[in-house]
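Trainee: First, the structure itself, so that you have it in front of you.
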Amino acid sequence: MMEQFSSLKNRPAFKFFFFGLFLLGFLLFFGLIGALQYLVPGLFKDYMSFEKSRPLHVTAAVFWIIFSAVGTVYTYLEQRKPDRIFSLKLMNIQFYIMSIAVIVILITYFFGIFGGREYWEFHPVLAVPVGIGWVLFITNVVKSVGTIKKQPVYVWMWLTGAVFFLFTFLESYLWLIPYFRSGIVGDMTVQWKSYGSMVGCWNMLIYGSSIYLMDKISGNDRYSYSKIGFLIYFLGLFNLMFNWGHHIYTLPAPKYVQYISYGVSMTELLLLGRIIMLWRSSLTTAKKNYHLYSYRFLLAADVWILLNLILAIMMSVPAINVYTHGTHITVAHAMGTTIGINSFLLLSFIFDAFGIKEKISARRFTFAYLTVNISLLIFWVALIVAGILKADWQMHQPEKPFAEMMSMLRPAFIVFFAAGAGLAVGFLIIVYKIVKHYRP
Ligand code: HEM
């Protein structure tokens with residue numbers, strides 16, 4: 001084990017993966033605590049209340065995605081053209097600044113120190129090292145890419161994701177300036193818009209990497225220079241800039257903003273159509289590559305993209321959004337996408353980067369893989385059911401007391417917890433196998 005870790009000196013990109021995997025284990029633990037607290041309200045109230053377990057879980061989840069996405073972009077940049085990483089030293093500095101910041105953030109949560117908002121609940125001072133780390137990332141990526149001439153679509157996606165992330169990250173802190181804080185509607189609009197766009201940015205890093213990987217597995221670069229690849233890039237960019245509209249339906253913003261954003265969200269249908277086509281053609285190659293663990297996670301992500309898009313598009317319909325807002329359907333959407341799409345794709349990249357496909361027994365892998373996928377489906381459906389019950393209460397039975405509504409949701413929460421435990425076990429087996437079988 002020591003030998004494995006000391007080898008990371010020469011491979012700073014992999015440090016991001018290992019730290020990401022640590023965060024994955026961490027977030028699973030606090031997710032389970034949070035789910036238990038749904039079942040037993042007030043559990044561990046004195047030292048680990050839901051107000052602490054939730055941000056510990058969610059912040060670790062966000063940084064698991066960010067660290068692994070950064071590790072992937074660096075790894076693939078290096079694979080494309082060895083010696084083309086601008087500076088390993090800068091990469092190391094970025095890693096230490098950001099990982100120390102994350103550890104401090106998690107520690108402050110344990111002590112009940114907050115001061116931020118939603119996904120960034122930590123004290124705003126701690127956003128400074130995260131932002132500095134990101135500037136180093138942009139510098140390293142831009143310098144490593146060199147020229148923008150004749151670049152494949154995934155390089156465009158990496159550049160866009162990296163640059164826009166900084167922009168939206170800064171935007172999510174505009175509330176610190178009194179001018180933006182003074183009007184509640186404006187304040188919330190900027191806030192929710194920035195979160196929507198931020199997700200769009202890390203998706204650019206991750207989807208770009210998946211295009212790189214798909215081409216790598218199929219042994220050609222047809223897709224990364226194709227017209228349709230670039231079309232999807234522009235559609236993604238468009239959505240990154242404007243799809244946030246459905247985040248603000250419930251705010252009294254002008255109606256035209258809502259209609260435009262609804263229309264923009266619908267452009268995602270185009271993406272859906274394209275994905276279904278891709279999926280059909282990928283089925284024919286499925287057999288050939290089925291032994292590749294990274295390929296299997298790509299396949300799983302494909303199915304989850306479909307399921308989540310159907311849910312997201314339904315949620316974008318204003319008449320439905322009025323119902324789903326503030327219910328567990330939103331949580332199903334957030335976790336369905338960050339687990340089924342983001343986490344599965346990231347694991348796919350890690351399997352590919354570490355090249356450990358043959359070392360893990362196929363039976364064990366398949367067991368963990370099926371456990372994760374089946375549990376996630378049950379987990380996701382349980383949240384949607386809880387959300388529908390709550391929406392019905394909000395709209396049709398407001399006279400029923402809150403406590404009575406919560407007890408109505410209890411069976412869904414029991415299933416949610418049990419499936420969550422299955423999900424955690426499946427993921428932990430995979431993480432354990434990856435760490436155990438990693439060889440420099
Ligand atoms: C890779 C695995 C996971 C990821 C990436 C993930 C991600 C997230 C995210 C992004 C949220 C915020 C949702 C929102 O703001 O609407 C969230 C909330 C939550 N997650 Fe997870 N999650 C994971 C696994 C789990 C597991 C295994 C459990 C345990 C059963 C769990 C339980 C929860 C709970 C209880 C919440 C709080 C929801 C609320 O505020 O009511 N998560 N998770």
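By order of appearance in the structure tokens: chains A, B, ..., then residues from 1 within every chain, and ligands from 1 in the order shown.
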Near A:Phe17, within 6 Å and counting only C-alpha atoms, which residues show up once chain neighbours fewer than 2 positions away are dropped, as a VMD selection string?
Mentor: chain A and resid 14 to 15 19 to 20 68 71
Trainee: May I have the residues from that selection written out with N, CA and C atoms, as a compact mmCIF listing (two decimals), in the first residue's frame?
Mentor:
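As a result, again.txt now contains:
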```
# COMPACT_ATOMS: atom_id res chain seq x y z
N PHE A 14 -3.34 11.40 -10.30
CA PHE A 14 -4.03 10.31 -9.59
C PHE A 14 -4.36 10.69 -8.15
N LYS A 15 -3.64 11.67 -7.62
CA LYS A 15 -3.95 12.11 -6.25
C LYS A 15 -5.39 12.59 -6.19
N PHE A 19 -8.19 11.09 -3.56
CA PHE A 19 -8.91 11.97 -2.64
C PHE A 19 -10.40 11.90 -2.94
N GLY A 20 -10.75 11.84 -4.21
CA GLY A 20 -12.16 11.72 -4.61
C GLY A 20 -12.77 10.44 -4.05
N SER A 68 -12.59 14.19 -8.91
CA SER A 68 -12.40 13.12 -9.89
C SER A 68 -12.46 13.65 -11.31
N GLY A 71 -9.09 15.17 -11.95
CA GLY A 71 -8.12 14.08 -12.15
C GLY A 71 -8.26 13.49 -13.56
```
Trainee: Could I get the residue neighbourhood of ligand 1 at 9 Å, counting only C-alpha atoms and all ligand atoms, as a ChimeraX atom specification?
Mentor: /A:24-25,27-38,50,53-55,57-62,64-65,118-119,326-340,342-344,376,379,416-425,427
Trainee: Show me, as a list of chain:residue names, the residues that have an atom within 12 Å of A:Tyr223 when counting only C-alpha atoms, minus same-chain residues fewer than 3 positions from it.
Mentor: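 My list of contacting residues is A:Pro152, A:Val153, A:Tyr154, A:Gly208, A:Ser210, A:Ile211, A:Tyr212, A:Leu213, A:Met214, A:Asp215, A:Lys216, A:Ile217, A:Ser218, A:Gly219, A:Asn220, A:Ser226, A:Lys227, A:Ile228, A:Gly229, A:Phe230, A:Leu231, A:Ile232, A:Tyr233, A:Leu278.
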Trainee: Please produce an output containing N, CA and C atoms for each residue in the selection, written as a PDB file, in the first residue's frame.
Mentor:
```
ATOM      1  N   PRO A 152     -10.288  18.521 -30.902  1.00  0.00           N
ATOM      2  CA  PRO A 152     -11.498  17.699 -30.842  1.00  0.00           C
ATOM      3  C   PRO A 152     -12.513  18.311 -29.876  1.00  0.00           C
ATOM      4  N   VAL A 153     -13.748  17.864 -29.984  1.00  0.00           N
ATOM      5  CA  VAL A 153     -14.814  18.491 -29.214  1.00  0.00           C
ATOM      6  C   VAL A 153     -14.582  18.372 -27.709  1.00  0.00           C
ATOM      7  N   TYR A 154     -13.953  17.264 -27.275  1.00  0.00           N
ATOM      8  CA  TYR A 154     -13.792  17.122 -25.821  1.00  0.00           C
ATOM      9  C   TYR A 154     -12.836  18.165 -25.250  1.00  0.00           C
ATOM     10  N   GLY A 208     -17.204  15.592 -21.741  1.00  0.00           N
ATOM     11  CA  GLY A 208     -16.047  15.669 -22.641  1.00  0.00           C
ATOM     12  C   GLY A 208     -15.168  14.438 -22.451  1.00  0.00           C
ATOM     13  N   SER A 210     -16.079  11.595 -21.359  1.00  0.00           N
ATOM     14  CA  SER A 210     -16.698  10.352 -21.819  1.00  0.00           C
ATOM     15  C   SER A 210     -16.594  10.229 -23.339  1.00  0.00           C
ATOM     16  N   ILE A 211     -16.620  11.360 -24.030  1.00  0.00           N
ATOM     17  CA  ILE A 211     -16.423  11.285 -25.491  1.00  0.00           C
ATOM     18  C   ILE A 211     -15.009  10.791 -25.795  1.00  0.00           C
ATOM     19  N   TYR A 212     -14.041  11.317 -25.037  1.00  0.00           N
ATOM     20  CA  TYR A 212     -12.656  10.862 -25.210  1.00  0.00           C
ATOM     21  C   TYR A 212     -12.574   9.350 -24.993  1.00  0.00           C
ATOM     22  N   LEU A 213     -13.210   8.893 -23.905  1.00  0.00           N
ATOM     23  CA  LEU A 213     -13.128   7.472 -23.567  1.00  0.00           C
ATOM     24  C   LEU A 213     -13.858   6.604 -24.599  1.00  0.00           C
ATOM     25  N   MET A 214     -15.016   7.071 -25.065  1.00  0.00           N
ATOM     26  CA  MET A 214     -15.750   6.271 -26.052  1.00  0.00           C
ATOM     27  C   MET A 214     -14.909   6.071 -27.307  1.00  0.00           C
ATOM     28  N   ASP A 215     -14.260   7.152 -27.736  1.00  0.00           N
ATOM     29  CA  ASP A 215     -13.396   7.035 -28.908  1.00  0.00           C
ATOM     30  C   ASP A 215     -12.215   6.116 -28.633  1.00  0.00           C
ATOM     31  N   LYS A 216     -11.699   6.208 -27.409  1.00  0.00           N
ATOM     32  CA  LYS A 216     -10.541   5.377 -27.065  1.00  0.00           C
ATOM     33  C   LYS A 216     -10.927   3.897 -27.112  1.00  0.00           C
ATOM     34  N   ILE A 217     -12.096   3.581 -26.539  1.00  0.00           N
ATOM     35  CA  ILE A 217     -12.530   2.181 -26.534  1.00  0.00           C
ATOM     36  C   ILE A 217     -12.814   1.687 -27.951  1.00  0.00           C
ATOM     37  N   SER A 218     -13.447   2.552 -28.750  1.00  0.00           N
ATOM     38  CA  SER A 218     -13.778   2.068 -30.096  1.00  0.00           C
ATOM     39  C   SER A 218     -12.602   2.206 -31.063  1.00  0.00           C
ATOM     40  N   GLY A 219     -11.524   2.823 -30.608  1.00  0.00           N
ATOM     41  CA  GLY A 219     -10.300   2.838 -31.410  1.00  0.00           C
ATOM     42  C   GLY A 219     -10.304   3.795 -32.589  1.00  0.00           C
ATOM     43  N   ASN A 220     -11.171   4.807 -32.576  1.00  0.00           N
ATOM     44  CA  ASN A 220     -11.110   5.825 -33.631  1.00  0.00           C
ATOM     45  C   ASN A 220     -11.499   7.174 -33.054  1.00  0.00           C
ATOM     46  N   SER A 226     -16.774  14.961 -35.019  1.00  0.00           N
ATOM     47  CA  SER A 226     -17.991  14.935 -35.834  1.00  0.00           C
ATOM     48  C   SER A 226     -18.834  16.192 -35.640  1.00  0.00           C
ATOM     49  N   LYS A 227     -19.662  16.464 -36.657  1.00  0.00           N
ATOM     50  CA  LYS A 227     -20.560  17.620 -36.584  1.00  0.00           C
ATOM     51  C   LYS A 227     -21.522  17.453 -35.418  1.00  0.00           C
ATOM     52  N   ILE A 228     -22.029  16.240 -35.263  1.00  0.00           N
ATOM     53  CA  ILE A 228     -23.018  16.007 -34.217  1.00  0.00           C
ATOM     54  C   ILE A 228     -22.385  16.200 -32.829  1.00  0.00           C
ATOM     55  N   GLY A 229     -21.117  15.835 -32.715  1.00  0.00           N
ATOM     56  CA  GLY A 229     -20.396  16.047 -31.452  1.00  0.00           C
ATOM     57  C   GLY A 229     -20.382  17.529 -31.101  1.00  0.00           C
ATOM     58  N   PHE A 230     -20.051  18.360 -32.120  1.00  0.00           N
ATOM     59  CA  PHE A 230     -20.000  19.808 -31.864  1.00  0.00           C
ATOM     60  C   PHE A 230     -21.390  20.385 -31.628  1.00  0.00           C
ATOM     61  N   LEU A 231     -22.388  19.807 -32.301  1.00  0.00           N
ATOM     62  CA  LEU A 231     -23.759  20.273 -32.093  1.00  0.00           C
ATOM     63  C   LEU A 231     -24.166  20.049 -30.634  1.00  0.00           C
ATOM     64  N   ILE A 232     -23.821  18.881 -30.147  1.00  0.00           N
ATOM     65  CA  ILE A 232     -24.158  18.579 -28.753  1.00  0.00           C
ATOM     66  C   ILE A 232     -23.381  19.516 -27.821  1.00  0.00           C
ATOM     67  N   TYR A 233     -22.156  19.821 -28.211  1.00  0.00           N
ATOM     68  CA  TYR A 233     -21.366  20.758 -27.404  1.00  0.00           C
ATOM     69  C   TYR A 233     -22.086  22.107 -27.304  1.00  0.00           C
ATOM     70  N   LEU A 278     -27.533   6.753 -29.997  1.00  0.00           N
ATOM     71  CA  LEU A 278     -26.207   6.279 -29.613  1.00  0.00           C
ATOM     72  C   LEU A 278     -26.309   4.965 -28.858  1.00  0.00           C
TER      73      LEU A 278
END
```
Trainee: Could you check which of A:Leu299, A:Phe354, A:Val385, A:Tyr369 is closest to A:Lys436, using only C-alpha atoms?
Mentor: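 Looking only at the distances to A:Lys436, the closest residue turns out to be A:Phe354.
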Trainee: If you measure from atom CA of A:Gly236 to atom CA of A:Gly200, what distance in Å do you get, rounded to one decimal?
Mentor: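 For atom CA of A:Gly236 relative to atom CA of A:Gly200, the distance reads 7.6 Å.
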Trainee: Looking at only C-alpha atoms, which of A:Trp192, A:Phe110, A:Val155, A:Val40 is the one that sits closest to A:Met406?
Mentor: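 Checking each candidate against A:Met406, we get A:Val40 as the closest.
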Trainee: With only C-alpha atoms as the basis for distance, which of A:Ala368, A:Glu399, A:Met48, A:Asn140 is at the shortest distance from A:Arg84?
Mentor: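 Answer, going by the shortest atom-to-atom distance: A:Asn140.
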Trainee: Looking at A:Thr324, A:Lys193, A:Ile113, A:Ala69, which one is nearest to A:Ala312, with distances taken over only C-alpha atoms?
Mentor: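 Of all the options, A:Thr324 lies closest to A:Ala312.
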Trainee: What does the distance from atom CA of A:Gly196 to atom CA of A:Leu309 come to in Å, to one decimal?
Mentor: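 Computing it gives 14.8 Å between the two atoms.
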Trainee: Identify which of the residues A:Ile310, A:Pro82, A:Pro318, A:Glu404 lies closest to A:Gly263, counting only C-alpha atoms when measuring atom-to-atom distances.
Mentor: A:Pro318
